[in-house]
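Asks: Below you'll find the structure I mean.
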Amino acid sequence: MWKPLLVTVGLISLVCGAIGVILPIIPTTPFLLLSAFCFARGSTRLHNCLMSHRIFGQYISNYYNHAMTPRHKFQTLLTLWFGIIISCVLIEATVPWIILPSIALGVSIHIFRLKPRPEALAIGNAPEEDSASEPHFADDHKA
């Protein structure tokens, strides 16, 4: 009963996340994480497809492993600040020039604090037995 609902929510969330890549108004990360969560519980095939996607899979994996390659950090920060500045210029109001750069500064600090991820792990050249590079989805927090 829940699986079709989870798949539907995951697909809608995936579409919203993909739109968020292009439009700076819509957030990408929360939608992609929701998709991964829904697919992990609703469809193994869709979850594997999402996690092996050449762009989204690496994006989600970076988030779950709390690590990014220096190249991804640079690309993310460049895109973030470009989108924020364009948004502020287009809105032409004082409040966005205060709020949006403040948010971008917080996100930038978070990204700078992520541990460096070796390029080999990001590309998928890690040894088969190294499961530390694979993202995991904790169902609960049992101690």
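All residue names refer to the structure tokens as shown: chains lettered A, B, ... in order, residues numbered from 1 in each chain, ligands numbered from 1 in order.
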Report as a PyMOL selection string all protein, DNA and RNA residues lying within 10 Å of Leu80 of chain A, evaluated on only C-alpha atoms, omitting residues in the same chain fewer than 5 positions from it.

Replies: chain A and resi 24+74-75+85+101+104-105+107-108

Asks: With C-alpha atoms retained, export the selected residues as a PDB file, in the first residue's frame.

Replies:
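Wrote it out as result.pdb, contents follow:
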ATOM      1  CA  PRO A  24      17.699  29.197  -8.163  1.00  0.00           C
ATOM      2  CA  PHE A  74      34.339  24.926  -6.424  1.00  0.00           C
ATOM      3  CA  GLN A  75      31.490  24.186  -8.856  1.00  0.00           C
ATOM      4  CA  ILE A  85      23.879  37.535  -7.184  1.00  0.00           C
ATOM      5  CA  PRO A 101      23.957  36.580   0.681  1.00  0.00           C
ATOM      6  CA  ALA A 104      24.782  31.820   0.811  1.00  0.00           C
ATOM      7  CA  LEU A 105      27.489  32.649   3.345  1.00  0.00           C
ATOM      8  CA  VAL A 107      25.952  27.418   2.977  1.00  0.00           C
ATOM      9  CA  SER A 108      29.478  28.351   1.859  1.00  0.00           C
TER      10      SER A 108
END

Asks: Determine which residues of chain A receive a DSSP assignment of strand (DSSP E), computed from the backbone, and state them as a VMD selection string.

Replies: chain A and resid 67 to 68 115 to 116

Asks: Rounded to one decimal in Å, what is the spacing between atom CA of Lys115 of chain A and atom CA of Tyr59 of chain A?

Replies: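 A separation of 14.7 Å between them.
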
Asks: For segment 64-73 of chain A, find every residue with an atom within 6 Å (counting only C-alpha atoms), except residues of its own chain fewer than 5 positions away, and show them as a PyMOL selection string.

Replies: chain A and resi 114-117+135

Asks: My list of candidates is A:Ala93, A:Leu78, A:Ile26, A:Leu14. Which is closest to Cys49 of chain A when distances are computed with only C-alpha atoms?

Replies: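 With only C-alpha atoms as the atom set, the closest residue is A:Leu14.
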
Asks: As a ChimeraX atom specification, please: all residues of segment 19-133 of chain A that backbone DSSP puts in alpha helix (DSSP H).

Replies: /A:19-22,29-42,44-51,56-65,70-91,94-113,119-123

Asks: May I have the selected residues written with C-alpha atoms, as a tab-separated table (two decimals), in the first residue's frame?

Replies:
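Result written to part_12.tsv:
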chain	number	residue	atom	x	y	z
A	19	ILE	CA	13.91	21.88	-11.90
A	20	GLY	CA	15.79	23.30	-8.89
A	21	VAL	CA	19.08	22.68	-10.67
A	22	ILE	CA	18.03	25.26	-13.27
A	29	THR	CA	19.03	19.17	-2.16
A	30	PRO	CA	15.88	18.62	-0.07
A	31	PHE	CA	13.97	17.28	-3.07
A	32	LEU	CA	16.75	14.89	-4.10
A	33	LEU	CA	17.14	13.64	-0.53
A	34	LEU	CA	13.39	13.08	-0.30
A	35	SER	CA	13.52	11.15	-3.58
A	36	ALA	CA	16.36	8.97	-2.30
A	37	PHE	CA	14.47	8.34	0.94
A	38	CYS	CA	11.22	7.43	-0.86
A	39	PHE	CA	12.92	5.25	-3.46
A	40	ALA	CA	14.96	3.42	-0.80
A	41	ARG	CA	11.70	2.32	0.80
A	42	GLY	CA	9.45	2.13	-2.26
A	44	THR	CA	14.96	-0.70	-5.12
A	45	ARG	CA	15.21	-0.33	-8.90
A	46	LEU	CA	14.46	3.42	-8.83
A	47	HIS	CA	16.76	3.91	-5.83
A	48	ASN	CA	19.63	2.17	-7.62
A	49	CYS	CA	18.92	4.18	-10.76
A	50	LEU	CA	18.97	7.45	-8.81
A	51	MET	CA	22.12	6.55	-6.86
A	56	PHE	CA	22.31	13.19	-8.94
A	57	GLY	CA	23.89	10.01	-7.54
A	58	GLN	CA	27.16	11.73	-6.79
A	59	TYR	CA	25.32	14.75	-5.38
A	60	ILE	CA	23.36	12.61	-2.91
A	61	SER	CA	26.41	10.49	-2.06
A	62	ASN	CA	28.40	13.63	-1.26
A	63	TYR	CA	25.67	14.74	1.13
A	64	TYR	CA	25.40	11.41	2.97
A	65	ASN	CA	29.18	11.02	3.25
A	70	PRO	CA	37.62	20.12	-4.30
A	71	ARG	CA	36.28	20.34	-7.86
A	72	HIS	CA	32.68	19.81	-6.69
A	73	LYS	CA	33.15	22.35	-3.90
A	74	PHE	CA	34.34	24.93	-6.42
A	75	GLN	CA	31.49	24.19	-8.86
A	76	THR	CA	28.90	24.29	-6.08
A	77	LEU	CA	30.14	27.56	-4.62
A	78	LEU	CA	30.42	29.16	-8.05
A	79	THR	CA	26.88	28.15	-8.95
A	80	LEU	CA	25.54	29.17	-5.54
A	81	TRP	CA	27.01	32.67	-5.60
A	82	PHE	CA	26.18	33.20	-9.27
A	83	GLY	CA	22.54	32.32	-8.61
A	84	ILE	CA	22.37	34.49	-5.48
A	85	ILE	CA	23.88	37.54	-7.18
A	86	ILE	CA	21.65	37.15	-10.26
A	87	SER	CA	18.60	36.78	-8.02
A	88	CYS	CA	19.49	39.91	-6.03
A	89	VAL	CA	20.09	41.94	-9.18
A	90	LEU	CA	16.79	40.82	-10.74
A	91	ILE	CA	14.75	41.47	-7.59
A	94	THR	CA	17.36	45.91	-0.31
A	95	VAL	CA	16.07	42.98	1.74
A	96	PRO	CA	17.23	40.25	-0.70
A	97	TRP	CA	20.69	41.85	-0.76
A	98	ILE	CA	20.84	41.18	2.99
A	99	ILE	CA	19.03	37.85	3.34
A	100	LEU	CA	20.21	35.91	0.25
A	101	PRO	CA	23.96	36.58	0.68
A	102	SER	CA	23.61	35.72	4.39
A	103	ILE	CA	22.10	32.36	3.47
A	104	ALA	CA	24.78	31.82	0.81
A	105	LEU	CA	27.49	32.65	3.35
A	106	GLY	CA	26.11	30.01	5.75
A	107	VAL	CA	25.95	27.42	2.98
A	108	SER	CA	29.48	28.35	1.86
A	109	ILE	CA	30.83	27.86	5.38
A	110	HIS	CA	29.12	24.47	5.53
A	111	ILE	CA	30.63	23.43	2.19
A	112	PHE	CA	34.11	24.61	3.18
A	113	ARG	CA	33.88	22.52	6.35
A	119	GLU	CA	38.55	11.94	-6.70
A	120	ALA	CA	38.76	8.12	-6.99
A	121	LEU	CA	35.78	7.67	-4.65
A	122	ALA	CA	33.77	10.36	-6.39
A	123	ILE	CA	34.26	8.77	-9.80

Asks: Between atom CA of Glu92 of chain A and atom CA of Ile25 of chain A, measure the distance and give it in Å to one decimal.

Replies: 15.3 Å

Asks: Can you measure atom CA of Ser52 of chain A to atom CA of Leu5 of chain A for me? One decimal in Å is fine.

Replies: 22.5 Å
